[in-house]
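K.L.:
Structure provided below as structure tokens; questions to follow.
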Amino acid sequence: MALIYGSLFQSSNPVHAFQLNGEGGFIPLDVNASATQQSPFWLHYDYKNRESEQWIQNSELFSEQVKAALCGHAGRWRILRVGDGILLTLQTLNTNAGQRPEQLVAFRVFINSRLIISSRHRKVNSLDSVIIDLQEGVGAQSTGDWLVEVADAITDEISDFTDTLHERLIGMEDTILNGEIPERGELALLRKQIIVIRRYMAPQRDMLARLATEKLLWIDDTDRRRLQEISDRLGRCIEDLDGFVSRTAIMSDEITNMMTEMMNRRIYTMSLLAMIFLPTTFLTGLFGVNLAGIPGSEFRFAFSVFCLLLAVLIGTVFWWLRKSRWL
């Protein structure tokens, strides 16, 4: 197997370039350093950077499939065996400022026993915890360990966001139980976030489960067990999200019923008002015609008596509605 030196990456302009020291920490990548299984390289790129993209395309370290993936031309989900390494595409929440979490961030990884090449365009904040652990000397000690740490960081982020969705869901359910309707668009946004996260995390769970069974020498039994545990944890998050979808559907039906009930109540009230004033409307229309012979036109108190009769009529209709339990 050909040696890989740090000088190969001099013109690649990575976001960061580390060499793991095999003890949970890292050292800056030196041009004279060589990648080994005990001290692998990790280079992270922005594939929209022109220098990085050109270097990836011109590098002899990768096949055409790997180049296409690292440059952002591959599909959403992929796990592909490439020699003694693998190529995979991972999705995580978009926690960048001014963007919504469900607008997921994808990053591609090519990894083998001596080399980790990852690429993205939008910042992947999940990797911050992995880098912090390396800075503190308690991080990944090998490429297999690095893969587990990244999968764990992503799943932790998904799990925390699932808990946040659950709290929002409970708050909205309490609002509905109190007879109030949530603000317009709030339920739709919550439902969209749940469905999108579930849609993208299900294939990722299967991908992690497959990684746990891949026969790769640089993934030991401990890493396999941890990958399976992470896959199971992500599966539990997906099960929770499935339950959330059902609960949002129930809430949507309840909101529809509440709005229908409110509309029916208003229509009923208006119908009762029309019923109360219908006789008076008829009489005022009848006596309002400008024709000769209107009864009482010569009587001084005719208008007052007419108004009194209208009031008595309204009261009579109102009493009848109450007695009939329409009010």
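Starting from 1 in every chain, residues are counted up; chains themselves are A, B, ... following the order of the structure tokens, and ligands are numbered from 1 as listed.
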Any idea what's packed within 9 Å of A:Ile255, counting only C-alpha atoms, ignoring anything in its chain fewer than 5 positions away? Could you give it as a list in words?
P.N.:
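My reading of the contact set: Ile176, Glu180, Ile181, Pro182, Ile250 and Thr260 of chain A.
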K.L.:
Let's have the selection written as a PDB file, in the first residue's frame, with N, CA and C atoms.
P.N.:
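Below is the file that was written, part-v6.pdb:
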ATOM      1  N   ILE A 176     -54.783  23.207  23.173  1.00  0.00           N
ATOM      2  CA  ILE A 176     -56.037  22.735  22.580  1.00  0.00           C
ATOM      3  C   ILE A 176     -56.996  22.246  23.660  1.00  0.00           C
ATOM      4  N   GLU A 180     -58.275  26.550  23.317  1.00  0.00           N
ATOM      5  CA  GLU A 180     -57.676  27.589  22.489  1.00  0.00           C
ATOM      6  C   GLU A 180     -57.096  26.963  21.222  1.00  0.00           C
ATOM      7  N   ILE A 181     -57.063  27.759  20.174  1.00  0.00           N
ATOM      8  CA  ILE A 181     -56.512  27.293  18.892  1.00  0.00           C
ATOM      9  C   ILE A 181     -55.101  27.850  18.734  1.00  0.00           C
ATOM     10  N   PRO A 182     -54.098  26.993  18.435  1.00  0.00           N
ATOM     11  CA  PRO A 182     -52.716  27.490  18.246  1.00  0.00           C
ATOM     12  C   PRO A 182     -52.639  28.524  17.140  1.00  0.00           C
ATOM     13  N   ILE A 250     -54.172  13.913  15.075  1.00  0.00           N
ATOM     14  CA  ILE A 250     -55.292  14.016  16.019  1.00  0.00           C
ATOM     15  C   ILE A 250     -55.538  15.474  16.385  1.00  0.00           C
ATOM     16  N   THR A 260     -65.185  24.188  13.503  1.00  0.00           N
ATOM     17  CA  THR A 260     -66.530  23.890  13.002  1.00  0.00           C
ATOM     18  C   THR A 260     -67.576  24.197  14.067  1.00  0.00           C
TER      19      THR A 260
END
K.L.:
Find the residues near stretch 39-46 of chain A: any atom within 6 Å, counting only C-alpha atoms, skip ones fewer than 6 places away on the same chain, and give them as a PyMOL selection string.
P.N.:
chain A and resi 14-22+114-121
K.L.:
Could you write out that same residue set with N, CA and C atoms as an mmCIF file, in the first residue's frame?
P.N.:
data_model
loop_
_atom_site.group_PDB
_atom_site.id
_atom_site.type_symbol
_atom_site.label_atom_id
_atom_site.label_comp_id
_atom_site.auth_asym_id
_atom_site.auth_seq_id
_atom_site.Cartn_x
_atom_site.Cartn_y
_atom_site.Cartn_z
ATOM 1 N N PRO A 14 -7.951 22.848 2.911
ATOM 2 C CA PRO A 14 -9.019 22.270 3.733
ATOM 3 C C PRO A 14 -9.525 23.265 4.783
ATOM 4 N N VAL A 15 -10.728 23.011 5.277
ATOM 5 C CA VAL A 15 -11.256 23.796 6.397
ATOM 6 C C VAL A 15 -10.403 23.534 7.625
ATOM 7 N N HIS A 16 -10.069 22.295 7.851
ATOM 8 C CA HIS A 16 -9.064 21.946 8.857
ATOM 9 C C HIS A 16 -8.395 20.633 8.457
ATOM 10 N N ALA A 17 -7.180 20.459 8.954
ATOM 11 C CA ALA A 17 -6.380 19.273 8.634
ATOM 12 C C ALA A 17 -5.686 18.815 9.904
ATOM 13 N N PHE A 18 -6.016 17.597 10.348
ATOM 14 C CA PHE A 18 -5.467 17.043 11.577
ATOM 15 C C PHE A 18 -4.813 15.697 11.300
ATOM 16 N N GLN A 19 -3.917 15.339 12.206
ATOM 17 C CA GLN A 19 -3.431 13.964 12.263
ATOM 18 C C GLN A 19 -3.712 13.442 13.659
ATOM 19 N N LEU A 20 -4.510 12.400 13.767
ATOM 20 C CA LEU A 20 -4.810 11.821 15.072
ATOM 21 C C LEU A 20 -3.546 11.199 15.649
ATOM 22 N N ASN A 21 -3.347 11.390 16.958
ATOM 23 C CA ASN A 21 -2.119 10.873 17.563
ATOM 24 C C ASN A 21 -2.284 9.479 18.157
ATOM 25 N N GLY A 22 -3.475 8.883 18.017
ATOM 26 C CA GLY A 22 -3.704 7.536 18.528
ATOM 27 C C GLY A 22 -3.947 7.482 20.012
ATOM 28 N N ARG A 114 -6.329 4.610 7.208
ATOM 29 C CA ARG A 114 -5.301 5.642 7.380
ATOM 30 C C ARG A 114 -5.773 7.051 7.054
ATOM 31 N N LEU A 115 -6.975 7.169 6.500
ATOM 32 C CA LEU A 115 -7.367 8.461 5.946
ATOM 33 C C LEU A 115 -8.852 8.730 6.168
ATOM 34 N N ILE A 116 -9.141 9.963 6.572
ATOM 35 C CA ILE A 116 -10.527 10.431 6.686
ATOM 36 C C ILE A 116 -10.626 11.708 5.862
ATOM 37 N N ILE A 117 -11.464 11.659 4.832
ATOM 38 C CA ILE A 117 -11.716 12.846 4.014
ATOM 39 C C ILE A 117 -13.212 13.151 4.113
ATOM 40 N N SER A 118 -13.545 14.298 4.661
ATOM 41 C CA SER A 118 -14.954 14.697 4.760
ATOM 42 C C SER A 118 -15.141 16.023 4.038
ATOM 43 N N SER A 119 -16.344 16.214 3.491
ATOM 44 C CA SER A 119 -16.622 17.445 2.751
ATOM 45 C C SER A 119 -18.066 17.871 2.979
ATOM 46 N N ARG A 120 -18.287 19.162 2.914
ATOM 47 C CA ARG A 120 -19.617 19.743 3.063
ATOM 48 C C ARG A 120 -19.585 21.137 2.459
ATOM 49 N N HIS A 121 -20.754 21.766 2.371
ATOM 50 C CA HIS A 121 -20.809 23.180 1.994
ATOM 51 C C HIS A 121 -21.236 24.012 3.199
#
K.L.:
DSSP on the backbone: what in stretch 71-298 of chain A comes out strand (DSSP E or B), as a PyMOL selection string?
P.N.:
chain A and resi 78-82+85-92+105-111+115-120
K.L.:
Would you please give, as JSON, numbers by chain, all residues of stretch 70-184 of chain A that DSSP assigns to helix (DSSP H, G or I) based on the backbone?
P.N.:
{"A": [70, 126, 127, 128, 129, 130, 131, 132, 133, 134, 135, 143, 144, 145, 146, 147, 148, 149, 150, 151, 152, 153, 154, 155, 156, 157, 158, 159, 160, 161, 162, 163, 164, 165, 166, 167, 168, 169, 170, 171, 172, 173, 174, 175, 176, 177]}
K.L.:
Work out how far atom CA of A:Leu127 is from atom CA of A:Asp30, in Å to one decimal.
P.N.:
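Computing the Euclidean distance for atom CA of A:Asp30 and atom CA of A:Leu127 yields 21.9 Å.
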K.L.:
Which one is closest to A:Arg78: A:Gln204, A:Thr316, A:Ser59, A:Ser271? Count only C-alpha atoms.
P.N.:
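Closest to A:Arg78 of all the choices is A:Gln204.
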K.L.:
Compile the contact shell of A:Ala140 as a PyMOL selection string: residues with an atom at most 8 Å away, counting only C-alpha atoms, same-chain residues fewer than 4 positions apart removed.
P.N.:
chain A and resi 20+22-25+130+133-134+145-146+149
K.L.:
Could you write out the selected residues, including N, CA and C atoms, as a PDB file, in the first residue's frame?
P.N.:
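Done, and the output landed in out.pdb:
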ATOM      1  N   LEU A  20      -4.510  12.400  13.767  1.00  0.00           N
ATOM      2  CA  LEU A  20      -4.810  11.821  15.072  1.00  0.00           C
ATOM      3  C   LEU A  20      -3.546  11.199  15.649  1.00  0.00           C
ATOM      4  N   GLY A  22      -3.475   8.883  18.017  1.00  0.00           N
ATOM      5  CA  GLY A  22      -3.704   7.536  18.528  1.00  0.00           C
ATOM      6  C   GLY A  22      -3.947   7.482  20.012  1.00  0.00           C
ATOM      7  N   GLU A  23      -3.980   8.637  20.684  1.00  0.00           N
ATOM      8  CA  GLU A  23      -4.194   8.674  22.125  1.00  0.00           C
ATOM      9  C   GLU A  23      -5.377   9.572  22.498  1.00  0.00           C
ATOM     10  N   GLY A  24      -6.235   9.834  21.539  1.00  0.00           N
ATOM     11  CA  GLY A  24      -7.405  10.661  21.813  1.00  0.00           C
ATOM     12  C   GLY A  24      -7.221  12.129  21.481  1.00  0.00           C
ATOM     13  N   GLY A  25      -6.063  12.499  20.954  1.00  0.00           N
ATOM     14  CA  GLY A  25      -5.799  13.884  20.592  1.00  0.00           C
ATOM     15  C   GLY A  25      -5.396  13.997  19.131  1.00  0.00           C
ATOM     16  N   VAL A 130     -16.808  16.656  18.253  1.00  0.00           N
ATOM     17  CA  VAL A 130     -15.741  15.702  17.927  1.00  0.00           C
ATOM     18  C   VAL A 130     -14.383  16.395  17.991  1.00  0.00           C
ATOM     19  N   ASP A 133     -13.423  17.199  21.660  1.00  0.00           N
ATOM     20  CA  ASP A 133     -12.892  16.007  22.340  1.00  0.00           C
ATOM     21  C   ASP A 133     -11.443  15.749  21.936  1.00  0.00           C
ATOM     22  N   LEU A 134     -11.126  15.943  20.677  1.00  0.00           N
ATOM     23  CA  LEU A 134      -9.743  15.764  20.226  1.00  0.00           C
ATOM     24  C   LEU A 134      -8.828  16.809  20.857  1.00  0.00           C
ATOM     25  N   ASP A 145     -12.904   4.576  15.375  1.00  0.00           N
ATOM     26  CA  ASP A 145     -13.366   5.318  16.549  1.00  0.00           C
ATOM     27  C   ASP A 145     -13.926   6.672  16.125  1.00  0.00           C
ATOM     28  N   TRP A 146     -13.285   7.323  15.150  1.00  0.00           N
ATOM     29  CA  TRP A 146     -13.767   8.624  14.656  1.00  0.00           C
ATOM     30  C   TRP A 146     -15.166   8.481  14.057  1.00  0.00           C
ATOM     31  N   GLU A 149     -17.630   8.237  16.816  1.00  0.00           N
ATOM     32  CA  GLU A 149     -17.811   9.521  17.495  1.00  0.00           C
ATOM     33  C   GLU A 149     -18.707  10.450  16.679  1.00  0.00           C
TER      34      GLU A 149
END
K.L.:
Fewer than 6 positions away in the same chain doesn't count, so skip those; otherwise give me all residues within 10 Å of A:Thr280, counting only C-alpha atoms, as an MDAnalysis selection string.
P.N.:
chainID A and resid 286 307 309:311 313:314
K.L.:
For the selection just defined, write its residues with C-alpha atoms to a file, as a tab-separated table (two decimals), in the first residue's frame.
P.N.:
chain	number	residue	atom	x	y	z
A	286	LEU	CA	-95.97	46.55	6.52
A	307	CYS	CA	-93.06	50.51	19.47
A	309	LEU	CA	-96.25	46.34	20.76
A	310	LEU	CA	-93.00	45.52	18.97
A	311	ALA	CA	-91.18	45.26	22.30
A	313	LEU	CA	-93.65	40.84	20.49
A	314	ILE	CA	-89.85	40.56	20.80
K.L.:
Within 10 Å of stretch 164-168 of chain A, which residues of stretch 198-298 of chain A come that close, and what is the closest atom pair and distance in Å for each? Count only C-alpha atoms and give it as a tab-separated table.
P.N.:
residue	atom	partner	partner_atom	distance
A:Asp240	CA	A:His166	CA	8.6
A:Leu241	CA	A:His166	CA	8.8
A:Gly243	CA	A:His166	CA	10.0
A:Phe244	CA	A:His166	CA	7.5
K.L.:
Write out as a list in words which residues come within 8 Å of A:Gln37 when counting only C-alpha atoms, dropping same-chain ones fewer than 4 positions away.
P.N.:
Ser113, Arg114, Ser142, Thr143 and Trp218 of chain A
K.L.:
So what do you get for atom CA of A:Phe110 versus atom CA of A:Leu87, distance-wise?
P.N.:
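If I compute the distance from atom CA of A:Phe110 to atom CA of A:Leu87, I get 4.5 Å.
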K.L.:
Name the residues in contact with stretch 226-238 of chain A at a cut-off of 12 Å, using only C-alpha atoms, excluding same-chain residues fewer than 2 positions from it; report them as a compact mmCIF listing (two decimals) with N, CA, C and O atoms, in the first residue's frame.
P.N.:
# COMPACT_ATOMS: atom_id res chain seq x y z
N GLY A 144 -11.90 4.13 12.82
CA GLY A 144 -13.14 3.49 13.24
C GLY A 144 -13.76 4.20 14.43
O GLY A 144 -14.97 4.41 14.50
N ASP A 145 -12.90 4.58 15.38
CA ASP A 145 -13.37 5.32 16.55
C ASP A 145 -13.93 6.67 16.12
O ASP A 145 -14.93 7.15 16.68
N TRP A 146 -13.29 7.32 15.15
CA TRP A 146 -13.77 8.62 14.66
C TRP A 146 -15.17 8.48 14.06
O TRP A 146 -16.05 9.32 14.30
N LEU A 147 -15.38 7.43 13.29
CA LEU A 147 -16.68 7.20 12.67
C LEU A 147 -17.76 7.03 13.73
O LEU A 147 -18.87 7.58 13.62
N VAL A 148 -17.45 6.30 14.78
CA VAL A 148 -18.40 6.11 15.88
C VAL A 148 -18.69 7.43 16.58
O VAL A 148 -19.84 7.75 16.89
N GLU A 149 -17.63 8.24 16.82
CA GLU A 149 -17.81 9.52 17.50
C GLU A 149 -18.71 10.45 16.68
O GLU A 149 -19.58 11.14 17.24
N VAL A 150 -18.52 10.48 15.38
CA VAL A 150 -19.34 11.35 14.52
C VAL A 150 -20.79 10.87 14.53
O VAL A 150 -21.72 11.68 14.66
N ALA A 151 -21.00 9.56 14.37
CA ALA A 151 -22.36 9.03 14.39
C ALA A 151 -23.05 9.30 15.72
O ALA A 151 -24.24 9.63 15.77
N ASP A 152 -22.28 9.20 16.80
CA ASP A 152 -22.83 9.46 18.14
C ASP A 152 -23.22 10.93 18.29
O ASP A 152 -24.27 11.26 18.85
N ALA A 153 -22.37 11.84 17.79
CA ALA A 153 -22.66 13.28 17.89
C ALA A 153 -23.92 13.64 17.11
O ALA A 153 -24.76 14.42 17.58
N ILE A 154 -24.05 13.08 15.91
CA ILE A 154 -25.24 13.35 15.09
C ILE A 154 -26.50 12.83 15.78
O ILE A 154 -27.52 13.51 15.87
N THR A 155 -26.41 11.59 16.31
CA THR A 155 -27.58 11.00 16.96
C THR A 155 -27.95 11.74 18.23
O THR A 155 -29.13 11.89 18.55
N ASP A 156 -26.95 12.22 18.98
CA ASP A 156 -27.24 13.05 20.16
C ASP A 156 -28.02 14.30 19.76
O ASP A 156 -28.97 14.70 20.44
N GLU A 157 -27.61 14.91 18.67
CA GLU A 157 -28.29 16.12 18.20
C GLU A 157 -29.73 15.81 17.79
O GLU A 157 -30.66 16.57 18.12
N ILE A 158 -29.93 14.70 17.09
CA ILE A 158 -31.27 14.30 16.69
C ILE A 158 -32.12 13.98 17.92
O ILE A 158 -33.30 14.36 18.00
N SER A 159 -31.54 13.31 18.90
CA SER A 159 -32.27 12.95 20.11
C SER A 159 -32.71 14.19 20.88
O SER A 159 -33.84 14.27 21.36
N ASP A 160 -31.80 15.16 21.00
CA ASP A 160 -32.15 16.40 21.71
C ASP A 160 -33.26 17.15 20.97
O ASP A 160 -34.17 17.70 21.59
N PHE A 161 -33.18 17.17 19.65
CA PHE A 161 -34.21 17.87 18.88
C PHE A 161 -35.55 17.13 18.98
O PHE A 161 -36.61 17.77 19.00
N THR A 162 -35.51 15.81 19.05
CA THR A 162 -36.74 15.04 19.24
C THR A 162 -37.39 15.39 20.57
O THR A 162 -38.62 15.54 20.66
N ASP A 163 -36.58 15.54 21.62
CA ASP A 163 -37.13 15.96 22.93
C ASP A 163 -37.74 17.35 22.84
O ASP A 163 -38.79 17.62 23.44
N THR A 164 -37.10 18.25 22.08
CA THR A 164 -37.65 19.60 21.90
C THR A 164 -38.98 19.54 21.17
O THR A 164 -39.94 20.24 21.55
N LEU A 165 -39.06 18.72 20.13
CA LEU A 165 -40.33 18.56 19.42
C LEU A 165 -41.41 18.01 20.34
O LEU A 165 -42.58 18.44 20.26
N HIS A 166 -41.04 17.08 21.21
CA HIS A 166 -42.00 16.50 22.14
C HIS A 166 -42.55 17.57 23.09
O HIS A 166 -43.76 17.62 23.36
N ILE A 194 -41.30 17.29 11.99
CA ILE A 194 -41.34 15.89 12.40
C ILE A 194 -41.21 14.97 11.19
O ILE A 194 -40.42 14.02 11.19
N ILE A 195 -41.98 15.25 10.15
CA ILE A 195 -41.98 14.38 8.97
C ILE A 195 -40.63 14.41 8.25
O ILE A 195 -40.12 13.37 7.83
N VAL A 196 -40.04 15.60 8.12
CA VAL A 196 -38.76 15.72 7.41
C VAL A 196 -37.66 14.97 8.17
O VAL A 196 -36.88 14.21 7.58
N ILE A 197 -37.58 15.19 9.49
CA ILE A 197 -36.54 14.51 10.28
C ILE A 197 -36.72 13.00 10.20
O ILE A 197 -35.75 12.25 10.02
N ARG A 198 -37.96 12.53 10.31
CA ARG A 198 -38.20 11.10 10.23
C ARG A 198 -37.83 10.54 8.85
O ARG A 198 -37.27 9.46 8.73
N ARG A 199 -38.15 11.31 7.82
CA ARG A 199 -37.90 10.88 6.44
C ARG A 199 -36.41 10.68 6.18
O ARG A 199 -36.01 9.71 5.51
N TYR A 200 -35.58 11.54 6.73
CA TYR A 200 -34.15 11.48 6.43
C TYR A 200 -33.38 10.61 7.41
O TYR A 200 -32.30 10.13 7.08
N MET A 201 -33.90 10.46 8.62
CA MET A 201 -33.16 9.68 9.61
C MET A 201 -33.37 8.18 9.48
O MET A 201 -32.52 7.40 9.91
N ALA A 202 -34.49 7.75 8.89
CA ALA A 202 -34.72 6.31 8.74
C ALA A 202 -33.64 5.64 7.88
O ALA A 202 -33.09 4.60 8.27
N PRO A 203 -33.28 6.18 6.70
CA PRO A 203 -32.19 5.57 5.94
C PRO A 203 -30.85 5.65 6.67
O PRO A 203 -30.01 4.75 6.53
N GLN A 204 -30.66 6.71 7.46
CA GLN A 204 -29.40 6.84 8.19
C GLN A 204 -29.28 5.77 9.28
O GLN A 204 -28.20 5.25 9.54
N ARG A 205 -30.40 5.44 9.91
CA ARG A 205 -30.41 4.34 10.89
C ARG A 205 -29.99 3.04 10.22
O ARG A 205 -29.17 2.28 10.77
N ASP A 206 -30.56 2.77 9.04
CA ASP A 206 -30.20 1.54 8.33
C ASP A 206 -28.73 1.55 7.92
O ASP A 206 -28.06 0.51 7.93
N MET A 207 -28.24 2.74 7.57
CA MET A 207 -26.83 2.86 7.18
C MET A 207 -25.90 2.52 8.36
O MET A 207 -24.92 1.79 8.20
N LEU A 208 -26.25 3.03 9.53
CA LEU A 208 -25.43 2.74 10.71
C LEU A 208 -25.50 1.27 11.08
O LEU A 208 -24.48 0.67 11.49
N ALA A 209 -26.68 0.67 10.93
CA ALA A 209 -26.81 -0.76 11.21
C ALA A 209 -25.96 -1.58 10.24
O ALA A 209 -25.34 -2.59 10.63
N ARG A 210 -25.90 -1.14 9.00
CA ARG A 210 -25.08 -1.86 8.02
C ARG A 210 -23.60 -1.69 8.33
O ARG A 210 -22.81 -2.64 8.19
N LEU A 211 -23.20 -0.49 8.77
CA LEU A 211 -21.80 -0.27 9.13
C LEU A 211 -21.36 -1.23 10.23
O LEU A 211 -20.21 -1.67 10.26
N ALA A 212 -22.29 -1.51 11.15
CA ALA A 212 -21.95 -2.39 12.27
C ALA A 212 -21.68 -3.82 11.82
O ALA A 212 -21.07 -4.60 12.55
N THR A 213 -22.12 -4.16 10.61
CA THR A 213 -21.93 -5.53 10.11
C THR A 213 -20.88 -5.62 9.00
O THR A 213 -20.56 -6.73 8.56
N GLU A 214 -20.38 -4.48 8.54
CA GLU A 214 -19.37 -4.49 7.48
C GLU A 214 -18.07 -5.13 7.98
O GLU A 214 -17.60 -4.82 9.09
N ILE A 219 -12.45 -1.42 11.75
CA ILE A 219 -13.58 -1.30 12.69
C ILE A 219 -13.54 -2.53 13.59
O ILE A 219 -13.81 -3.65 13.14
N ASP A 220 -13.23 -2.33 14.86
CA ASP A 220 -13.11 -3.47 15.77
C ASP A 220 -14.49 -3.79 16.38
O ASP A 220 -15.49 -3.12 16.13
N ASP A 221 -14.51 -4.82 17.21
CA ASP A 221 -15.77 -5.29 17.79
C ASP A 221 -16.42 -4.23 18.68
O ASP A 221 -17.64 -4.12 18.73
N THR A 222 -15.58 -3.47 19.40
CA THR A 222 -16.13 -2.41 20.25
C THR A 222 -16.83 -1.35 19.41
O THR A 222 -17.93 -0.89 19.74
N ASP A 223 -16.19 -0.97 18.30
CA ASP A 223 -16.81 0.01 17.40
C ASP A 223 -18.10 -0.53 16.80
O ASP A 223 -19.09 0.20 16.67
N ARG A 224 -18.11 -1.81 16.45
CA ARG A 224 -19.32 -2.40 15.88
C ARG A 224 -20.47 -2.38 16.90
O ARG A 224 -21.62 -2.06 16.55
N ASP A 240 -40.40 7.48 18.11
CA ASP A 240 -41.05 8.64 18.75
C ASP A 240 -41.63 9.58 17.71
O ASP A 240 -42.75 10.10 17.87
N LEU A 241 -40.88 9.81 16.64
CA LEU A 241 -41.36 10.71 15.58
C LEU A 241 -42.61 10.16 14.91
O LEU A 241 -43.52 10.92 14.55
N ASP A 242 -42.68 8.83 14.74
CA ASP A 242 -43.89 8.22 14.18
C ASP A 242 -45.08 8.50 15.07
O ASP A 242 -46.19 8.80 14.60
N GLY A 243 -44.86 8.40 16.39
CA GLY A 243 -45.94 8.72 17.32
C GLY A 243 -46.33 10.19 17.26
O GLY A 243 -47.52 10.53 17.36
N PHE A 244 -45.34 11.05 17.07
CA PHE A 244 -45.63 12.50 16.98
C PHE A 244 -46.50 12.80 15.77
O PHE A 244 -47.40 13.66 15.83
N VAL A 245 -46.23 12.11 14.65
CA VAL A 245 -47.03 12.35 13.44
C VAL A 245 -48.50 12.01 13.71
O VAL A 245 -49.41 12.77 13.32
K.L.:
Can you tell me, as a list in words, what residues are no more than 9 Å from A:Ile86 when counting only C-alpha atoms, ignoring any on the same chain fewer than 6 positions away?
P.N.:
Ile79, Leu80, Val109, Phe110, Ile111 and Asn112 of chain A
K.L.:
Pick the closest to A:Gly72 from A:Phe107, A:Ile4, A:Gln10, A:Trp320: which is it, counting only C-alpha atoms?
P.N.:
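Using only C-alpha atoms, the shortest distance to A:Gly72 belongs to A:Phe107.
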K.L.:
With only C-alpha atoms as the basis for distance, which of A:Ala188, A:Met275, A:Met172, A:Ala2 is at the shortest distance from A:Leu321?
P.N.:
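The shortest atom-to-atom distance to A:Leu321 comes from A:Met275.
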K.L.:
Suppose you want the space between atom CA of A:Met263 and atom CA of A:Leu187; what is it in Å?
P.N.:
20.5 Å
